[in-house]
Structures are given as structure tokens and as C-alpha cells.
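For reference, structure_34.pdb (PDB, C-alpha atoms (C1' of nucleotides)):
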ATOM      1  CA  MET N  13      13.821 -17.284  -8.711
ATOM      2  CA  LYS N  14      10.454 -15.581  -8.724
ATOM      3  CA  ILE N  15       9.952 -12.555  -6.470
ATOM      4  CA  ALA N  16       6.841 -10.456  -5.996
ATOM      5  CA  THR N  17       5.285  -7.553  -4.115
ATOM      6  CA  TRP N  18       1.669  -6.912  -3.089
ATOM      7  CA  ASN N  19       0.007  -4.267  -0.970
ATOM      8  CA  VAL N  20      -2.786  -6.378   0.532
ATOM      9  CA  ASN N  21      -4.597  -3.618   2.520
ATOM     10  CA  SER N  22      -5.077  -5.767   5.658
ATOM     11  CA  LEU N  23      -3.687  -9.297   5.692
ATOM     12  CA  LYS N  24      -6.509 -10.479   7.984
ATOM     13  CA  VAL N  25      -9.065  -9.613   5.323
ATOM     14  CA  ARG N  26      -6.934 -10.718   2.375
ATOM     15  CA  LEU N  27      -5.408 -13.966   3.691
ATOM     16  CA  PRO N  28      -7.602 -16.213   1.474
ATOM     17  CA  HIS N  29      -6.528 -14.243  -1.609
ATOM     18  CA  VAL N  30      -2.886 -14.427  -0.581
ATOM     19  CA  LEU N  31      -2.999 -18.183   0.007
ATOM     20  CA  ASP N  32      -4.744 -18.800  -3.319
ATOM     21  CA  TRP N  33      -2.262 -16.566  -5.111
ATOM     22  CA  LEU N  34       0.776 -18.260  -3.540
ATOM     23  CA  ALA N  35      -0.563 -21.651  -4.614
ATOM     24  CA  ALA N  36      -1.233 -20.466  -8.163
ATOM     25  CA  VAL N  37       1.936 -18.431  -8.788
ATOM     26  CA  GLN N  38       4.432 -20.229  -6.524
ATOM     27  CA  PRO N  39       6.805 -17.308  -5.923
ATOM     28  CA  ASP N  40      10.042 -17.911  -4.028
ATOM     29  CA  ALA N  41       9.424 -14.713  -2.096
ATOM     30  CA  LEU N  42       6.449 -12.384  -1.673
ATOM     31  CA  CYS N  43       6.782  -8.953  -0.074
ATOM     32  CA  LEU N  44       3.610  -7.672   1.575
ATOM     33  CA  GLN N  45       2.644  -4.144   2.569
ATOM     34  CA  GLU N  46      -0.150  -2.845   4.802
ATOM     35  CA  THR N  47      -0.546  -6.004   6.860
ATOM     36  CA  LYS N  48      -2.200  -3.668   9.428
ATOM     37  CA  THR N  49      -1.581  -5.961  12.384
ATOM     38  CA  GLU N  50       0.922  -6.737  15.082
ATOM     39  CA  ASP N  51       2.512 -10.198  15.273
ATOM     40  CA  GLY N  52      -0.343 -11.450  17.463
ATOM     41  CA  GLY N  53      -2.790 -11.152  14.585
ATOM     42  CA  PHE N  54      -0.383 -12.333  11.894
ATOM     43  CA  PRO N  55      -1.265 -15.685  10.246
ATOM     44  CA  PHE N  56       2.141 -17.368  10.682
ATOM     45  CA  ALA N  57       0.653 -20.876  10.942
ATOM     46  CA  ALA N  58      -1.559 -20.663   7.852
ATOM     47  CA  LEU N  59       1.365 -19.400   5.790
ATOM     48  CA  GLU N  60       3.673 -22.074   7.194
ATOM     49  CA  ALA N  61       1.117 -24.704   6.199
ATOM     50  CA  ALA N  62       1.224 -23.238   2.686
ATOM     51  CA  GLY N  63       5.007 -23.667   2.626
ATOM     52  CA  TYR N  64       6.074 -20.115   3.447
ATOM     53  CA  ARG N  65       8.017 -18.746   6.367
ATOM     54  CA  ALA N  66       7.116 -15.201   7.291
ATOM     55  CA  LEU N  67       9.185 -12.292   8.559
ATOM     56  CA  HIS N  68       7.008  -9.497   9.834
ATOM     57  CA  ASN N  69       7.488  -5.909  10.950
ATOM     58  CA  GLY N  70       3.983  -5.260  12.207
ATOM     59  CA  GLN N  71       1.933  -2.381  13.521
ATOM     60  CA  LYS N  72      -1.621  -2.061  14.763
ATOM     61  CA  THR N  73      -4.130  -0.519  12.317
ATOM     62  CA  TYR N  74      -1.620   1.048   9.921
ATOM     63  CA  ASN N  75       1.388   0.056   7.807
ATOM     64  CA  GLY N  76       3.110  -3.272   8.541
ATOM     65  CA  VAL N  77       5.366  -5.145   6.099
ATOM     66  CA  ALA N  78       6.320  -8.794   5.680
ATOM     67  CA  ILE N  79       8.486 -11.085   3.579
ATOM     68  CA  LEU N  80       7.131 -14.556   2.867
ATOM     69  CA  ALA N  81       9.739 -17.002   1.602
ATOM     70  CA  ARG N  82      10.146 -20.699   0.914
ATOM     71  CA  ASP N  83      13.691 -20.747   2.291
ATOM     72  CA  GLY N  84      14.871 -19.325   5.567
ATOM     73  CA  PRO N  85      15.960 -15.727   5.048
ATOM     74  CA  ALA N  86      19.103 -14.342   6.676
ATOM     75  CA  ASP N  87      20.363 -10.975   7.939
ATOM     76  CA  VAL N  88      16.947  -9.521   8.724
ATOM     77  CA  VAL N  89      16.675  -5.742   9.129
ATOM     78  CA  ARG N  90      13.551  -3.987  10.383
ATOM     79  CA  ASP N  91      13.042  -0.221   9.834
ATOM     80  CA  LEU N  92      15.356   2.273   8.125
ATOM     81  CA  PRO N  93      18.667   2.323  10.002
ATOM     82  CA  GLY N  94      19.368   5.756  11.479
ATOM     83  CA  PHE N  95      15.881   7.136  10.750
ATOM     84  CA  ALA N  96      13.678   7.626  13.811
ATOM     85  CA  ASP N  97      10.250   6.368  12.762
ATOM     86  CA  THR N  98       7.308   4.896  14.655
ATOM     87  CA  GLN N  99       5.762   3.631  11.393
ATOM     88  CA  LYS N 100       6.594   0.083  10.310
ATOM     89  CA  ARG N 101       7.501   0.404   6.650
ATOM     90  CA  ILE N 102      10.682  -1.608   6.044
ATOM     91  CA  ILE N 103      11.781  -5.209   6.321
ATOM     92  CA  ALA N 104      14.823  -6.627   4.534
ATOM     93  CA  ALA N 105      16.410 -10.073   4.333
ATOM     94  CA  THR N 106      18.836 -12.039   2.199
ATOM     95  CA  LEU N 107      17.422 -14.986   0.286
ATOM     96  CA  GLY N 108      19.198 -17.108  -2.287
ATOM     97  CA  GLY N 109      22.012 -14.569  -2.597
ATOM     98  CA  VAL N 110      19.576 -11.706  -3.202
ATOM     99  CA  ARG N 111      19.134  -8.863  -0.748
ATOM    100  CA  LEU N 112      15.354  -8.282  -0.654
ATOM    101  CA  VAL N 113      14.141  -4.933   0.633
ATOM    102  CA  CYS N 114      10.376  -4.746   1.198
ATOM    103  CA  ALA N 115       9.139  -1.169   1.510
ATOM    104  CA  TYR N 116       5.837   0.558   2.141
ATOM    105  CA  MET N 117       6.689   4.121   1.257
ATOM    106  CA  PRO N 118       4.665   6.940   2.788
ATOM    107  CA  ASN N 119       1.573   8.143   0.942
ATOM    108  CA  GLY N 120       2.127  11.839   1.591
ATOM    109  CA  GLN N 121      -1.592  12.738   1.604
ATOM    110  CA  ALA N 122      -1.239  16.142  -0.101
ATOM    111  CA  VAL N 123       1.625  18.104  -1.636
ATOM    112  CA  GLY N 124       2.922  20.578   0.937
ATOM    113  CA  SER N 125       1.409  18.795   3.962
ATOM    114  CA  ASP N 126       3.358  17.562   6.980
ATOM    115  CA  LYS N 127       2.911  14.022   5.673
ATOM    116  CA  TYR N 128       4.388  15.084   2.340
ATOM    117  CA  GLU N 129       7.460  16.484   4.087
ATOM    118  CA  TYR N 130       7.763  13.221   6.006
ATOM    119  CA  LYS N 131       7.495  11.282   2.745
ATOM    120  CA  LEU N 132      10.358  13.213   1.145
ATOM    121  CA  ARG N 133      12.542  12.884   4.259
ATOM    122  CA  TRP N 134      11.763   9.168   4.409
ATOM    123  CA  LEU N 135      12.649   8.706   0.732
ATOM    124  CA  ALA N 136      15.956  10.541   1.225
ATOM    125  CA  ALA N 137      16.832   8.285   4.166
ATOM    126  CA  LEU N 138      15.914   5.213   2.097
ATOM    127  CA  ALA N 139      18.232   6.285  -0.723
ATOM    128  CA  ASP N 140      21.091   6.928   1.706
ATOM    129  CA  TRP N 141      20.667   3.501   3.272
ATOM    130  CA  LEU N 142      20.369   1.715  -0.085
ATOM    131  CA  LYS N 143      23.530   3.367  -1.339
ATOM    132  CA  ALA N 144      25.384   1.728   1.556
ATOM    133  CA  GLU N 145      23.445  -1.522   1.121
ATOM    134  CA  LEU N 146      24.593  -1.734  -2.519
ATOM    135  CA  GLN N 147      28.214  -1.632  -1.368
ATOM    136  CA  ARG N 148      27.615  -4.623   0.895
ATOM    137  CA  HIS N 149      25.378  -6.595  -1.478
ATOM    138  CA  PRO N 150      25.647  -6.172  -5.258
ATOM    139  CA  HIS N 151      22.395  -8.112  -5.755
ATOM    140  CA  VAL N 152      19.687  -5.925  -4.236
ATOM    141  CA  ALA N 153      15.974  -5.979  -5.081
ATOM    142  CA  LEU N 154      13.766  -3.175  -3.774
ATOM    143  CA  LEU N 155      10.118  -4.221  -3.884
ATOM    144  CA  GLY N 156       7.034  -2.499  -2.613
ATOM    145  CA  ASP N 157       4.358   0.136  -2.696
ATOM    146  CA  PHE N 158       6.355   3.227  -3.643
ATOM    147  CA  ASN N 159       3.358   5.559  -3.685
ATOM    148  CA  ILE N 160       5.031   7.215  -6.678
ATOM    149  CA  ALA N 161       3.953   7.049 -10.324
ATOM    150  CA  PRO N 162       7.366   7.639 -11.915
ATOM    151  CA  GLU N 163       6.220   8.930 -15.315
ATOM    152  CA  ASP N 164       3.103  10.262 -17.007
ATOM    153  CA  ARG N 165       2.596   6.938 -18.806
ATOM    154  CA  ASP N 166       2.086   5.403 -15.343
ATOM    155  CA  VAL N 167      -0.999   7.596 -14.805
ATOM    156  CA  HIS N 168      -4.441   7.091 -16.380
ATOM    157  CA  ASP N 169      -5.069  10.856 -16.585
ATOM    158  CA  PRO N 170      -1.741  12.711 -16.413
ATOM    159  CA  VAL N 171      -3.384  16.117 -16.837
ATOM    160  CA  ALA N 172      -5.710  15.644 -13.862
ATOM    161  CA  TRP N 173      -2.885  14.236 -11.741
ATOM    162  CA  GLN N 174      -0.198  16.727 -12.775
ATOM    163  CA  GLY N 175       1.626  17.974  -9.693
ATOM    164  CA  GLN N 176      -0.691  16.008  -7.402
ATOM    165  CA  ILE N 177       0.338  13.608  -4.667
ATOM    166  CA  LEU N 178       2.004  10.431  -6.066
ATOM    167  CA  CYS N 179       2.931  12.350  -9.242
ATOM    168  CA  SER N 180       4.626  15.551  -8.044
ATOM    169  CA  GLU N 181       8.072  16.434  -9.335
ATOM    170  CA  PRO N 182       9.854  16.098  -5.939
ATOM    171  CA  GLU N 183       8.421  12.580  -5.572
ATOM    172  CA  ARG N 184       9.509  11.665  -9.098
ATOM    173  CA  ALA N 185      12.947  13.132  -8.360
ATOM    174  CA  ALA N 186      13.144  10.859  -5.289
ATOM    175  CA  PHE N 187      12.349   7.896  -7.542
ATOM    176  CA  ARG N 188      15.059   8.978  -9.994
ATOM    177  CA  ARG N 189      17.529   9.228  -7.132
ATOM    178  CA  LEU N 190      17.021   5.469  -6.683
ATOM    179  CA  THR N 191      17.563   4.750 -10.378
ATOM    180  CA  ASP N 192      20.620   7.048 -10.265
ATOM    181  CA  LEU N 193      22.063   4.645  -7.676
ATOM    182  CA  GLY N 194      21.935   2.006 -10.402
ATOM    183  CA  PHE N 195      18.511   0.504  -9.721
ATOM    184  CA  VAL N 196      16.469  -0.475 -12.765
ATOM    185  CA  ASP N 197      12.661  -0.461 -12.946
ATOM    186  CA  ALA N 198      12.179  -4.140 -13.833
ATOM    187  CA  PHE N 199       8.757  -3.532 -15.382
ATOM    188  CA  ARG N 200      10.168  -1.097 -17.945
ATOM    189  CA  GLN N 201      12.886  -3.496 -19.067
ATOM    190  CA  PHE N 202      10.218  -5.218 -21.132
ATOM    191  CA  GLU N 203       7.530  -4.293 -23.603
ATOM    192  CA  GLN N 204       4.291  -3.752 -21.682
ATOM    193  CA  PRO N 205       0.667  -3.075 -22.522
ATOM    194  CA  GLU N 206      -0.256   0.596 -22.617
ATOM    195  CA  LYS N 207      -2.080   1.852 -19.538
ATOM    196  CA  SER N 208      -0.478  -0.695 -17.205
ATOM    197  CA  PHE N 209      -1.346   0.136 -13.602
ATOM    198  CA  SER N 210      -0.966  -1.537 -10.189
ATOM    199  CA  TRP N 211      -3.515   0.424  -8.120
ATOM    200  CA  TRP N 212      -7.116   1.445  -8.770
ATOM    201  CA  ASP N 213      -9.330   3.446  -6.406
ATOM    202  CA  TYR N 214     -12.139   1.469  -4.815
ATOM    203  CA  ARG N 215     -14.559   4.234  -5.789
ATOM    204  CA  MET N 216     -16.098   5.217  -9.113
ATOM    205  CA  MET N 217     -15.656   1.743 -10.621
ATOM    206  CA  ALA N 218     -12.063   2.787 -11.257
ATOM    207  CA  PHE N 219     -10.820  -0.754 -11.886
ATOM    208  CA  ARG N 220     -13.517  -1.533 -14.438
ATOM    209  CA  ARG N 221     -12.618   1.678 -16.247
ATOM    210  CA  ASN N 222      -8.861   1.055 -15.784
ATOM    211  CA  GLN N 223      -8.474   4.420 -14.082
ATOM    212  CA  GLY N 224      -5.335   3.544 -12.170
ATOM    213  CA  LEU N 225      -1.748   4.391 -11.362
ATOM    214  CA  ARG N 226       1.429   2.319 -11.470
ATOM    215  CA  ILE N 227       2.835   2.907  -7.992
ATOM    216  CA  ASP N 228       3.989  -0.617  -6.999
ATOM    217  CA  HIS N 229       7.440  -1.420  -8.302
ATOM    218  CA  ILE N 230      10.333  -3.853  -8.376
ATOM    219  CA  LEU N 231      13.695  -2.113  -8.670
ATOM    220  CA  LEU N 232      16.745  -4.266  -9.322
ATOM    221  CA  SER N 233      20.391  -3.375  -8.836
ATOM    222  CA  SER N 234      22.271  -3.390 -12.132
ATOM    223  CA  ALA N 235      23.887  -6.745 -11.331
ATOM    224  CA  LEU N 236      20.419  -8.261 -10.777
ATOM    225  CA  ALA N 237      18.671  -6.497 -13.646
ATOM    226  CA  GLY N 238      20.650  -8.520 -16.173
ATOM    227  CA  ARG N 239      19.178 -11.702 -14.699
ATOM    228  CA  CYS N 240      15.569 -10.537 -14.977
ATOM    229  CA  SER N 241      13.670 -12.356 -17.734
ATOM    230  CA  ALA N 242      10.165 -10.994 -17.113
ATOM    231  CA  CYS N 243       8.194  -8.534 -14.998
ATOM    232  CA  THR N 244       4.394  -8.377 -14.974
ATOM    233  CA  ILE N 245       1.453  -6.957 -13.054
ATOM    234  CA  ASP N 246      -1.073  -9.666 -12.163
ATOM    235  CA  LYS N 247      -4.549  -8.128 -12.290
ATOM    236  CA  THR N 248      -6.270 -11.432 -11.507
ATOM    237  CA  PRO N 249      -6.756 -10.928  -7.743
ATOM    238  CA  ARG N 250      -8.047  -7.370  -8.277
ATOM    239  CA  LYS N 251     -11.096  -8.944  -9.965
ATOM    240  CA  LEU N 252     -12.085 -11.054  -6.939
ATOM    241  CA  GLU N 253     -14.726 -10.243  -4.321
ATOM    242  CA  ARG N 254     -13.386  -7.868  -1.643
ATOM    243  CA  PRO N 255     -10.051  -7.299  -3.386
ATOM    244  CA  SER N 256      -7.079  -5.256  -2.282
ATOM    245  CA  ASP N 257      -6.976  -2.009  -4.234
ATOM    246  CA  HIS N 258      -3.448  -3.011  -5.368
ATOM    247  CA  ALA N 259      -2.380  -5.797  -7.740
ATOM    248  CA  PRO N 260       0.758  -7.921  -7.273
ATOM    249  CA  VAL N 261       3.888  -7.242  -9.330
ATOM    250  CA  VAL N 262       6.077 -10.245 -10.194
ATOM    251  CA  ALA N 263       9.644 -10.540 -11.500
ATOM    252  CA  ASP N 264      11.452 -13.646 -12.739
ATOM    253  CA  LEU N 265      15.201 -13.849 -12.106
ATOM    254  CA  ALA N 266      17.456 -16.364 -13.831
ATOM    255  CA  ASP N 267      19.970 -18.272 -11.738
ATOM    256  CA  PRO N 268      23.300 -16.458 -11.483
ATOM    257  CA  ASP N 269      25.996 -17.395 -13.978
ATOM    258  CA  PRO N 270      28.492 -19.818 -12.428
ATOM    259  CA  ALA N 271      31.644 -17.876 -11.675
TER
ATOM    260  C1'  DA Y   4     -19.404  18.274  -5.039
ATOM    261  C1'  DT Y   5     -12.229  18.067  -1.441
ATOM    262  C1'  DG Y   6     -17.245  13.542  -2.571
ATOM    263  C1'  DG Y   7     -17.157   8.497  -4.251
ATOM    264  C1'  DC Y   8     -15.021   2.831  -1.184
ATOM    265  C1'  DT Y   9     -12.488   0.027   2.258
ATOM    266  C1'  DT Y  10     -10.219  -0.934   6.610
ATOM    267  C1'  DG Y  11      -9.521  -0.777  11.723
ATOM    268  C1'  DA Y  12     -10.983   0.963  15.928
ATOM    269  C1'  DG Y  13     -14.959   0.095  18.524
ATOM    270  C1'  DT Y  14     -20.467   0.435  18.866
ATOM    271  C1'  DG Y  15     -20.840   6.120  16.621
ATOM    272  C1'  DT Y  16     -18.232   7.714  13.450
ATOM    273  C1'  DC Y  17     -13.654   9.000  12.374
ATOM    274  C1'  DA Y  18      -8.683   8.668  10.387
ATOM    275  C1'  DA Y  19      -6.252   7.165   6.560
ATOM    276  C1'  DG Y  20      -5.444   5.490   2.267
ATOM    277  C1'  DA Y  21      -4.003   7.210  -2.885
TER
END
Output the structure of this file as C-alpha cells.
Amino acid sequence: MKIATWNVNSLKVRLPHVLDWLAAVQPDALCLQETKTEDGGFPFAALEAAGYRALHNGQKTYNGVAILARDGPADVVRDLPGFADTQKRIIAATLGGVRLVCAYMPNGQAVGSDKYEYKLRWLAALADWLKAELQRHPHVALLGDFNIAPEDRDVHDPVAWQGQILCSEPERAAFRRLTDLGFVDAFRQFEQPEKSFSWWDYRMMAFRRNQGLRIDHILLSSALAGRCSACTIDKTPRKLERPSDHAPVVADLADPDPA
DNA sequence: ATGGCTTGAGTGTCAAGA
């Protein structure tokens, strides 16, 4: 089973890239963030024609998350249970025995801002919910744009970014709270190239200079982590005309051992 | 240099991203 996550920064603009990427990579499930549309503008038919059913939690202009899957997903949840939020950042579904949680975590804008406080509250609510979710489903995969670079090696210039948004200690502590629940950063289970990033600013030719951050992640519950045979960042679509500023992250999961 | 691009909204120019 191949699962993936990609912040597309507007699905209307990026649909051709998404369709090409689905055809080339053939994932069983793709989690999308920043679709930036309500259902009315969502390309259900084009994705269906490509062999993917879509679950969408949409919003006009901002946010919006979706799960594209070959098989029909079950037990769909939209939004963080028990957390009052007008922003559409969560969609979850069960597929092939795996509980997929697609998340677009808040950006936070600046350390100390109202949006930063919201980010930390949102992350705390996510951890509380996932703790309960792990009791119900041992095989949980949390995929998405975390807007957190968990360690200095995930940052092109750790000195410049020290303490800044996406890298601050409270954000990194929120990430560690997830790994303390038993989640494993799939990417770090394997040897990776140095300076591996998943996001590059549109400005300053940041991609060409590889001035990026690794903020898009696939976290696997311990029961799932043992089935993961590979995890990679696919920089190919970042090189296209009018790219998303994020690259997809892909994980391969072996079939479960027969009981 | 609190900039630089890109998107959506809406038709002038701003909010937001990260």
C-alpha cells in the first residue's frame, strides 16, 4: 500500500499536476492540503475518471483538505472532534485497515501572535484526539502539512530560523508529543540525503538553491511503522511550471502479516 | 529592506502563506 501527502496550494490551479502525478506514482491514497475551494469547485469528476474517489472537507479561499483513494474509504471524520474551529484542516478515513488522518496544521504566522496561540491549541487538541484514535485503531497514519520542522537538520539555515515560526521550541515540543504517543516519523526510519526538504519559498529562487524546510510529514503508529519499507520526498513536481511550493511525501507499506 | 512570489477575492489591492 502506497500512501502520500501533498500540499497543492489550490487544487484548481494544480489539478493537472495532481493528475499527472497520480498516473505516474499510482498511490493507493493521496492526502491533499490547501485545496482552497468548497465542494462546488472541487474536481470530483476528473479525479473519478483518473480512478480516484475523493473525500473533501472544503473551504473557500483558505485551507481545505481531501483524501483521494482507489477504494471506498469508511468511517469518515471531518474536523477535530471537540475543537470548535471554522477552518477546514482535518479529514480522516479508514482504508485497507489503515486509519488515515489528513491534516493541514496551522501556520502560526509569527511566534507570540494570536495565530501562534491558535496553532499550539490546535496541536494540543490534535494530540488528545489521536491518543483516543490510537486506542480504537492500532494502525494509524497521520499525513499532512505539519508546518513544523522537527529538528535543525530539517532546516536549510538553522541559525537564521532559530526560534522562528515553524522551528520554535513549543512547536517542536508539540511534534514530540505526537511521537511520544508512539508515532514514528517515517522519513527518518531510513537513510536520507542531507538537506532533504519538502517546502521551498516561491521567492529568491529558493528551490534552485535548495533553501527549504521539511515540514510535510508522514507519521505512523508503531504497529504501522514496522510495515513501512520506504519513505521519500518527490521533488519532481516542484520543478514544473507553476508548481506548488510543497513537494509530495510518499510512504510504502507492506501488507500486514497474516495473523 | 519585515521585502522577495503565489493564490483567491474581485477589478484595486489586500490577506495569507511559511
Practice prompt. Run the PyMOL selection byres ((chain Y) within 7 of (chain N)) mentally over the shown coordinates, then write out the matched residues as a ChimeraX atom specification, using the chain letters and numbers from the document.
Written response: /Y:7-8,11,21
Those same residues - C-alpha atoms (C1' of nucleotides) - I'd like them written as a PDB file, in the frame of the given file.
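Heads up, here's the output in selection-v1.pdb:
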ATOM      1  C1'  DG Y   7     -17.157   8.497  -4.251  1.00  0.00           C
ATOM      2  C1'  DC Y   8     -15.021   2.831  -1.184  1.00  0.00           C
ATOM      3  C1'  DG Y  11      -9.521  -0.777  11.723  1.00  0.00           C
ATOM      4  C1'  DA Y  21      -4.003   7.210  -2.885  1.00  0.00           C
TER       5       DA Y  21
END
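Within 10 Å of N:Ala263, once only C-alpha atoms (C1' of nucleotides) are used and residues closer than 4 positions along the same chain are dropped, the contacting residues are Met13, Lys14, Ile15, Ala16, Thr17, Pro39, Leu155, Ala198, Phe199, His229, Ile230, Leu231, Leu232, Cys240, Ser241, Ala242, Cys243, Thr244 and Ile245 of chain N.
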Worksheet entry | Option closest in space to N:Asp157, from N:Asp192, N:Asp228, N:Asp91, N:Glu60 [counting only C-alpha atoms] |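 Selected residue with least distance to N:Asp157: N:Asp228.
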Fill in: Length of the atom CA of N:Ala62 to atom CA of N:Pro85 vector [Å]
16.7 Å
Practice prompt. Identify the residues within 10 Å of coordinate (2.4, -2.6, 5.8) (same frame as the file), considering all atoms listed in the file, and give the answer as a PyMOL selection string.
Written response: chain N and resi 18-23+43-49+68-78+99-103+114-117+156-157
Discussion item. Set the distance at 10 Å and use all atoms listed in the file: which residues neighbour N:Leu132 once local chain neighbours fewer than 5 positions away are removed? I'd like the list as a list in words.
Written reply: Met117, Pro118, Gly120, Lys127, Ala137, Leu138, Pro182, Glu183, Ala185 and Ala186 of chain N
Would you save the residues of that selection, restricted to C-alpha atoms, as a short mmCIF file (atom, residue, chain, number, x, y, z; two decimals), in the frame of the given file?
data_model
loop_
_atom_site.label_atom_id
_atom_site.label_comp_id
_atom_site.auth_asym_id
_atom_site.auth_seq_id
_atom_site.Cartn_x
_atom_site.Cartn_y
_atom_site.Cartn_z
CA MET N 117 6.69 4.12 1.26
CA PRO N 118 4.66 6.94 2.79
CA GLY N 120 2.13 11.84 1.59
CA LYS N 127 2.91 14.02 5.67
CA ALA N 137 16.83 8.28 4.17
CA LEU N 138 15.91 5.21 2.10
CA PRO N 182 9.85 16.10 -5.94
CA GLU N 183 8.42 12.58 -5.57
CA ALA N 185 12.95 13.13 -8.36
CA ALA N 186 13.14 10.86 -5.29
#
Exactly which residues make up the result of the PyMOL selection byres ((chain N and resi 88) around 7) on this file, given as a PDB file with C-alpha atoms, in the frame of the given file?
ATOM      1  CA  ALA N  86      19.103 -14.342   6.676  1.00  0.00           C
ATOM      2  CA  ASP N  87      20.363 -10.975   7.939  1.00  0.00           C
ATOM      3  CA  VAL N  89      16.675  -5.742   9.129  1.00  0.00           C
ATOM      4  CA  ARG N  90      13.551  -3.987  10.383  1.00  0.00           C
ATOM      5  CA  ALA N 104      14.823  -6.627   4.534  1.00  0.00           C
ATOM      6  CA  ALA N 105      16.410 -10.073   4.333  1.00  0.00           C
TER       7      ALA N 105
END
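For N:Ala136, the list of residues within 10 Å, based on all atoms listed in the file and with local chain neighbours fewer than 3 positions off taken out, reads Tyr130, Lys131, Leu132, Arg133, Ala139, Asp140, Trp141, Leu142, Ala186, Phe187, Arg189 and Leu190 of chain N.
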Those selected residues, please, written with C-alpha atoms and delivered as a tab-separated table (two decimals), keeping the file's coordinate frame.
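The resulting again35.tsv:
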chain	number	residue	atom	x	y	z
N	130	TYR	CA	7.76	13.22	6.01
N	131	LYS	CA	7.50	11.28	2.74
N	132	LEU	CA	10.36	13.21	1.14
N	133	ARG	CA	12.54	12.88	4.26
N	139	ALA	CA	18.23	6.28	-0.72
N	140	ASP	CA	21.09	6.93	1.71
N	141	TRP	CA	20.67	3.50	3.27
N	142	LEU	CA	20.37	1.72	-0.08
N	186	ALA	CA	13.14	10.86	-5.29
N	187	PHE	CA	12.35	7.90	-7.54
N	189	ARG	CA	17.53	9.23	-7.13
N	190	LEU	CA	17.02	5.47	-6.68
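Of note, atom CA of N:Val167 and atom C1' of Y:DT9 are spaced 21.9 Å apart.
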Please report, as JSON, the centre and edge lengths in Å to one decimal of an axis-aligned box covering all listed atoms of stretch 4-20 of chain Y with 3 Å per side.
{"center_x": -13.1, "center_y": 8.7, "center_z": 6.9, "size_x": 21.4, "size_y": 25.2, "size_z": 29.9}
Fill in: Residue members of the PyMOL selection byres ((chain N and resi 56) around 12) in the file shown, as a VMD selection string
chain N and resid 23 to 24 27 31 50 to 55 57 to 68 78 to 81
Worksheet item: In Å, how far is it from atom CA of N:His29 to atom C1' of Y:DC17?
Response: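 Interatomic distance, atom CA of N:His29 to atom C1' of Y:DC17: 28.0 Å.
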Practice prompt. Give the answer as one residue: which of N:Ala266, N:Val30, N:Leu92, N:Ala218 has the shortest atom-to-atom distance to N:Gly238, using only C-alpha atoms?
Written response: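 The closest residue to N:Gly238 is N:Ala266.
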Fill in: Exercise: N:Phe209 partners within 7 Å, only C-alpha atoms (C1' of nucleotides), chain neighbours under 6 positions left out, as an MDAnalysis selection string
chainID N and resid 166 224:226
